[in-house]
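Structure record follows, encoded as structure tokens.
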There are 2 protein chains.
Amino acid sequence: MSKAFGVVGAMPDTPAPITGQGVQSVDRALGILEVLARTGEAGVTEIAVELGVHKSTAFRLVATLEAHRLVEQTVDRGRYRLGVGILRLAGATTARLDLVQEARPICRKLAADTGETVNIAVLSESSALYLDQVAGSSALQPHNWVGQHIPLHATSNGKVLLSGLDEAQLDILLGKLATYTPHTITRRGPLREELDRVRQQGYALAIDELEVGLTAVAAPIRNAHGDVVASMSVSGPSFRLTPDRVESVVALVTEAAVEVSHRLGWGHR
Amino acid sequence: MSKAFGVVGAMPDTPAPITGQGVQSVDRALGILEVLARTGEAGVTEIAVELGVHKSTAFRLVATLEAHRLVEQTVDRGRYRLGVGILRLAGATTARLDLVQEARPICRKLAADTGETVNIAVLSESSALYLDQVAGSSALQPHNWVGQHIPLHATSNGKVLLSGLDEAQLDILLGKLATYTPHTITRRGPLREELDRVRQQGYALAIDELEVGLTAVAAPIRNAHGDVVASMSVSGPSFRLTPDRVESVVALVTEAAVEVSHRLGWGHR
DNA sequence: CCACGGTGTTGCGCTCGACGAAACGCAGTC
DNA sequence: GACTGCGTTTCGTCGAGCGCAACACCGTGG
């Protein structure tokens, strides 16, 4: 009497985009984390229907997650949200990623030199994932992008990451090109040209493309094989990053990115 | 049925028994995340020993975690480490995790306990920027500092924020050290020594240094990386904050700052 | 007022899913 | 080649985790 939940006949291949096959209860528990990441806050009942399980099951899973501080319940109404345990794990994660570790001091220096915010991003699931951020000396921290998914075609980091891919991979990754501002590149053709330009000049710009008033400059970080594994950017308000100032920032960020690339073994022969 | 691998015997004590009671497999899976957070990298066998379960069990759990990108295996030898999925979750966590918001209830309690004014400050453009203020119970209301830029070398908050920087950054930030009262530290040498003291004891004092008759105590607020991201202070008139009373206030403010740090993911273990 | 619909929470048996044992493939290494 | 470590896979079994239903609670509103 096989139940309907997943293991059907002989099906070794799981294209399943959402649920990976594994230990059921763990799978569901992690599903809860993803639901909470998506919705921000949810009640037990809501989670239960989302996962397609009984209320009590959802509750037990949530309780287990709560014991590990990965979720916590809000005071008002017993709803749940992601907890501080996540942040603790995240701290341990970045601490162990060689890339972040190697790049950190250089990011600090770059942030100090430019006075603007510095970010490190990698490609993850058809979007840019920000791994680290060092706030510039100016203003208070603009917005913490770490862990956020950012569209690839509308950011300087995204363009740099895309520029490291070949045509086939591009086709797979690029879905519809959403419009964020009048300056967003929304058609394939111009984007391809832009990526060629990025490849050629070794850096990418994004001025008012994701958000009006936001300017960013990014340069590629390469590993020992020369592949683009990450991108480093300097971003700030457009009124501060004026065209003539961008010119000098470009030099600084490309230099910093090359420095990090060297630490990752690029250019050794 | 006696198991051969040795947990049963006379060993109810596991090296890291963080296990709250809950769904067993989920509990174990989350235990794996904690092990990886602690060790940075581990193999299946190693994890199995750590959790006190069979190798195959550990493998299945790890595989499930891997399907959700919470762990990933290193290339060289099939060891495992925390993955980018954690960062994605962390992004969703920090999105609604505002420093001021998290600190608010704790500030209130601190203000109530001490009866004095509590402030939260961050570093901004070579001065301290006050983000939030909770007035003490005393009738004597100080003026509202929120939004104000305050000199770094003459305040307890400023000293705490400076204590989180390295020498190079200090040189950039510190211009001329203005004199506000006869007690203001105006020379580099003594300030460096003072900052060393702050780092060592974990809090800062400022007595009559910005204004005669004003005493303040501050402690650092740290993020998941352990960086000093903000400072929390208790301040009031020197005639009320007498030396013996300062002693108890120091304990309270450091405790409160640690509490806020925990909420931001700072985990000391 | 008490019934109502909603929430999160809790015992309780039944059963299916997670467990441990053992075998497997593949590296290095003496 | 035998040995020893690793991560991985298979398989039969039994207890852990499941769905059910009842619970306590809280606003609503008839």
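Residues are named by chain letter and number: chains run A, B, ... in the order of the structure tokens, numbers start at 1 in each chain, and ligands are numbered from 1 in the order shown.
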
Identify every residue of chain A that has at least one atom within 9 Å of any atom of chain D, counting only C-alpha atoms (C1' of nucleotides), and report the result as a PDB file with C-alpha atoms, in the first residue's frame.
```pdb
ATOM      1  CA  SER A  25      10.100  14.780   8.453  1.00  0.00           C
ATOM      2  CA  VAL A  53       0.152  17.876   6.233  1.00  0.00           C
ATOM      3  CA  HIS A  54      -1.976  17.784   9.318  1.00  0.00           C
ATOM      4  CA  LYS A  55      -1.973  20.684  11.722  1.00  0.00           C
ATOM      5  CA  SER A  56      -0.521  18.629  14.547  1.00  0.00           C
ATOM      6  CA  THR A  57       2.317  17.445  12.356  1.00  0.00           C
TER       7      THR A  57
END
```

- DT7 (chain C) surroundings by only C-alpha atoms (C1' of nucleotides), 9 Å radius, close-in-sequence under 5 positions cut, as a ChimeraX atom specification: /A:43-45,77-78 /D:25-26

Output file for the residues above (C-alpha atoms (C1' of nucleotides), as a short mmCIF file (atom, residue, chain, number, x, y, z; two decimals), in the first residue's frame):
```cif
data_model
loop_
_atom_site.label_atom_id
_atom_site.label_comp_id
_atom_site.auth_asym_id
_atom_site.auth_seq_id
_atom_site.Cartn_x
_atom_site.Cartn_y
_atom_site.Cartn_z
CA GLY A 43 0.69 30.30 11.74
CA VAL A 44 0.68 26.56 12.29
CA THR A 45 -2.50 26.07 10.32
CA ARG A 77 -0.76 35.89 18.16
CA GLY A 78 1.02 32.57 18.26
"C1'" DC D 25 -8.15 29.75 24.39
"C1'" DC D 26 -9.74 34.09 22.22
#
```

- Output as number ranges by chain the set of chain C residues within 12 Å of chain A, with distances taken over only C-alpha atoms (C1' of nucleotides). C: 6-11, 15-19

Selected residues written out, C-alpha atoms (C1' of nucleotides), as a PDB file, in the first residue's frame:
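Below you can see part31.pdb, which holds the result:
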```pdb
ATOM      1  C1'  DG C   6     -10.875  30.618  14.540  1.00  0.00           C
ATOM      2  C1'  DT C   7      -6.361  29.891  16.642  1.00  0.00           C
ATOM      3  C1'  DG C   8      -2.338  27.049  18.788  1.00  0.00           C
ATOM      4  C1'  DT C   9      -1.773  22.813  21.688  1.00  0.00           C
ATOM      5  C1'  DT C  10      -2.054  17.966  23.412  1.00  0.00           C
ATOM      6  C1'  DG C  11      -2.970  12.575  24.072  1.00  0.00           C
ATOM      7  C1'  DT C  15       1.199   2.370  10.519  1.00  0.00           C
ATOM      8  C1'  DC C  16       4.464   3.722   7.488  1.00  0.00           C
ATOM      9  C1'  DG C  17       8.860   5.916   7.422  1.00  0.00           C
ATOM     10  C1'  DA C  18      13.293   6.282   9.566  1.00  0.00           C
ATOM     11  C1'  DC C  19      16.526   3.464  11.636  1.00  0.00           C
TER      12       DC C  19
END
```

- Members of region 21-83 of chain B assigned alpha helix (DSSP H) by DSSP, as number ranges by chain: B: 24-39, 44-51, 55-67

Could you pull out all residues of region 8-177 of chain B with a DSSP call of strand (DSSP E) and give them as a CSV table (one decimal) with N, CA and C atoms, in the first residue's frame?
```
chain,number,residue,atom,x,y,z
B,71,VAL,N,23.4,22.4,3.3
B,71,VAL,CA,24.8,22.0,3.4
B,71,VAL,C,25.3,21.6,2.0
B,72,GLU,N,26.6,21.6,1.8
B,72,GLU,CA,27.1,21.3,0.5
B,72,GLU,C,28.4,20.5,0.7
B,73,GLN,N,28.8,19.6,-0.2
B,73,GLN,CA,30.0,18.9,0.0
B,73,GLN,C,31.2,19.6,-0.7
B,80,TYR,N,31.5,17.6,4.3
B,80,TYR,CA,30.3,18.5,4.2
B,80,TYR,C,30.6,19.8,5.0
B,81,ARG,N,29.9,20.9,4.5
B,81,ARG,CA,30.0,22.2,5.2
B,81,ARG,C,28.6,22.8,5.0
B,82,LEU,N,28.4,23.9,5.8
B,82,LEU,CA,27.2,24.7,5.6
B,82,LEU,C,27.1,25.3,4.2
B,117,THR,N,18.3,57.5,31.1
B,117,THR,CA,18.1,57.5,29.7
B,117,THR,C,19.0,56.5,29.0
B,118,VAL,N,18.4,55.8,28.0
B,118,VAL,CA,19.1,54.7,27.3
B,118,VAL,C,19.2,55.2,25.8
B,119,ASN,N,20.3,55.0,25.2
B,119,ASN,CA,20.5,55.4,23.8
B,119,ASN,C,21.1,54.2,23.0
B,120,ILE,N,20.8,54.2,21.7
B,120,ILE,CA,21.4,53.3,20.8
B,120,ILE,C,22.1,54.1,19.7
B,121,ALA,N,23.4,53.9,19.5
B,121,ALA,CA,24.1,54.7,18.5
B,121,ALA,C,24.9,53.8,17.5
B,122,VAL,N,25.1,54.2,16.3
B,122,VAL,CA,26.0,53.5,15.3
B,122,VAL,C,27.0,54.5,14.8
B,123,LEU,N,28.0,54.0,14.1
B,123,LEU,CA,29.0,54.8,13.5
B,123,LEU,C,28.5,55.3,12.2
B,124,SER,N,28.7,56.6,12.0
B,124,SER,CA,28.3,57.2,10.8
B,124,SER,C,29.1,58.5,10.4
B,127,SER,N,31.4,60.1,13.0
B,127,SER,CA,30.8,60.5,14.3
B,127,SER,C,29.8,59.5,14.7
B,128,ALA,N,29.3,59.6,15.9
B,128,ALA,CA,28.2,58.7,16.4
B,128,ALA,C,26.9,59.2,16.0
B,129,LEU,N,26.1,58.3,15.4
B,129,LEU,CA,24.7,58.7,15.1
B,129,LEU,C,23.7,58.0,16.1
B,130,TYR,N,22.9,58.8,16.7
B,130,TYR,CA,22.0,58.2,17.7
B,130,TYR,C,20.7,57.7,17.0
B,131,LEU,N,20.4,56.4,17.1
B,131,LEU,CA,19.2,55.9,16.4
B,131,LEU,C,18.0,55.9,17.2
B,132,ASP,N,18.2,55.7,18.5
B,132,ASP,CA,17.0,55.5,19.4
B,132,ASP,C,17.3,56.0,20.8
B,133,GLN,N,16.3,56.4,21.4
B,133,GLN,CA,16.4,56.9,22.8
B,133,GLN,C,15.2,56.5,23.6
B,134,VAL,N,15.4,56.0,24.8
B,134,VAL,CA,14.3,55.8,25.7
B,134,VAL,C,14.6,56.5,27.0
B,149,HIS,N,24.6,64.0,15.5
B,149,HIS,CA,25.9,63.5,15.3
B,149,HIS,C,26.8,63.9,16.5
B,150,ILE,N,27.4,62.9,17.1
B,150,ILE,CA,28.1,63.2,18.4
B,150,ILE,C,29.6,62.8,18.2
```

- Quick one: residues within 12 Å of region 173-185 of chain A, only C-alpha atoms (C1' of nucleotides) counted, chain neighbours fewer than 3 positions away excluded, as an MDAnalysis selection string? chainID A and resid 123:128 150:156 158:159 161:162 165:170 188:195 205:215

At most 7 Å is the cut-off: for each residue in chain B with any atom that close to an atom of chain A, write down the nearest atom pair and the distance in Å rounded to one decimal, counting only C-alpha atoms, chain first then increasing number, as CSV.
```
residue,atom,partner,partner_atom,distance
B:Gly20,CA,A:Ala67,CA,5.5
B:Gly22,CA,A:Thr64,CA,4.8
B:Val23,CA,A:Thr64,CA,6.1
B:Ser25,CA,A:Val26,CA,6.4
B:Val26,CA,A:Val26,CA,4.9
B:Asp27,CA,A:Thr64,CA,6.5
B:Ala29,CA,A:Val26,CA,6.9
B:Ala37,CA,A:Ala92,CA,5.1
B:Gly40,CA,A:Arg96,CA,6.0
B:Arg60,CA,A:Val23,CA,6.7
B:Leu61,CA,A:Val23,CA,6.4
B:Ala63,CA,A:Gly22,CA,6.8
B:Thr64,CA,A:Gly22,CA,4.8
B:Ala67,CA,A:Gly20,CA,5.5
B:Leu82,CA,A:Thr93,CA,5.5
B:Gly83,CA,A:Thr93,CA,6.9
B:Ile86,CA,A:Ala90,CA,5.8
B:Leu87,CA,A:Gly147,CA,4.7
B:Arg88,CA,A:Gly147,CA,4.2
B:Leu89,CA,A:Ala37,CA,5.8
B:Ala90,CA,A:Leu87,CA,5.6
B:Gly91,CA,A:Gly147,CA,3.8
B:Ala92,CA,A:Ala37,CA,5.1
B:Thr93,CA,A:Leu82,CA,5.8
B:Ser124,CA,A:Ala139,CA,5.6
B:Glu125,CA,A:Ser138,CA,5.0
B:Ala224,CA,A:Gly91,CA,5.1
B:His225,CA,A:Gly91,CA,5.4
B:Arg263,CA,A:Val84,CA,5.8
B:Leu264,CA,A:Val84,CA,6.5
B:Gly265,CA,A:Leu87,CA,4.6
B:Trp266,CA,A:Arg88,CA,6.2
B:Gly267,CA,A:Arg88,CA,6.0
```

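With CA of Ala251 (chain B) on one side and CA of Tyr203 (chain B) on the other, the separation reads 9.3 Å.
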
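CA of Ala216 (chain B) is found 6.5 Å from CA of Gly236 (chain B).
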
- What is the distance, in Å and to one decimal place, between CA of Ala204 (chain A) and CA of Glu255 (chain A)?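 Between these atoms lies a distance of 13.7 Å.
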
- Task: Give me the residues within 10 Å of Val246 (chain B) as a PyMOL selection string, counting only C-alpha atoms (C1' of nucleotides) and dropping any in the same chain fewer than 3 places off.
- Result: chain B and resi 205+215-217+234-235+238+240-243+249-252
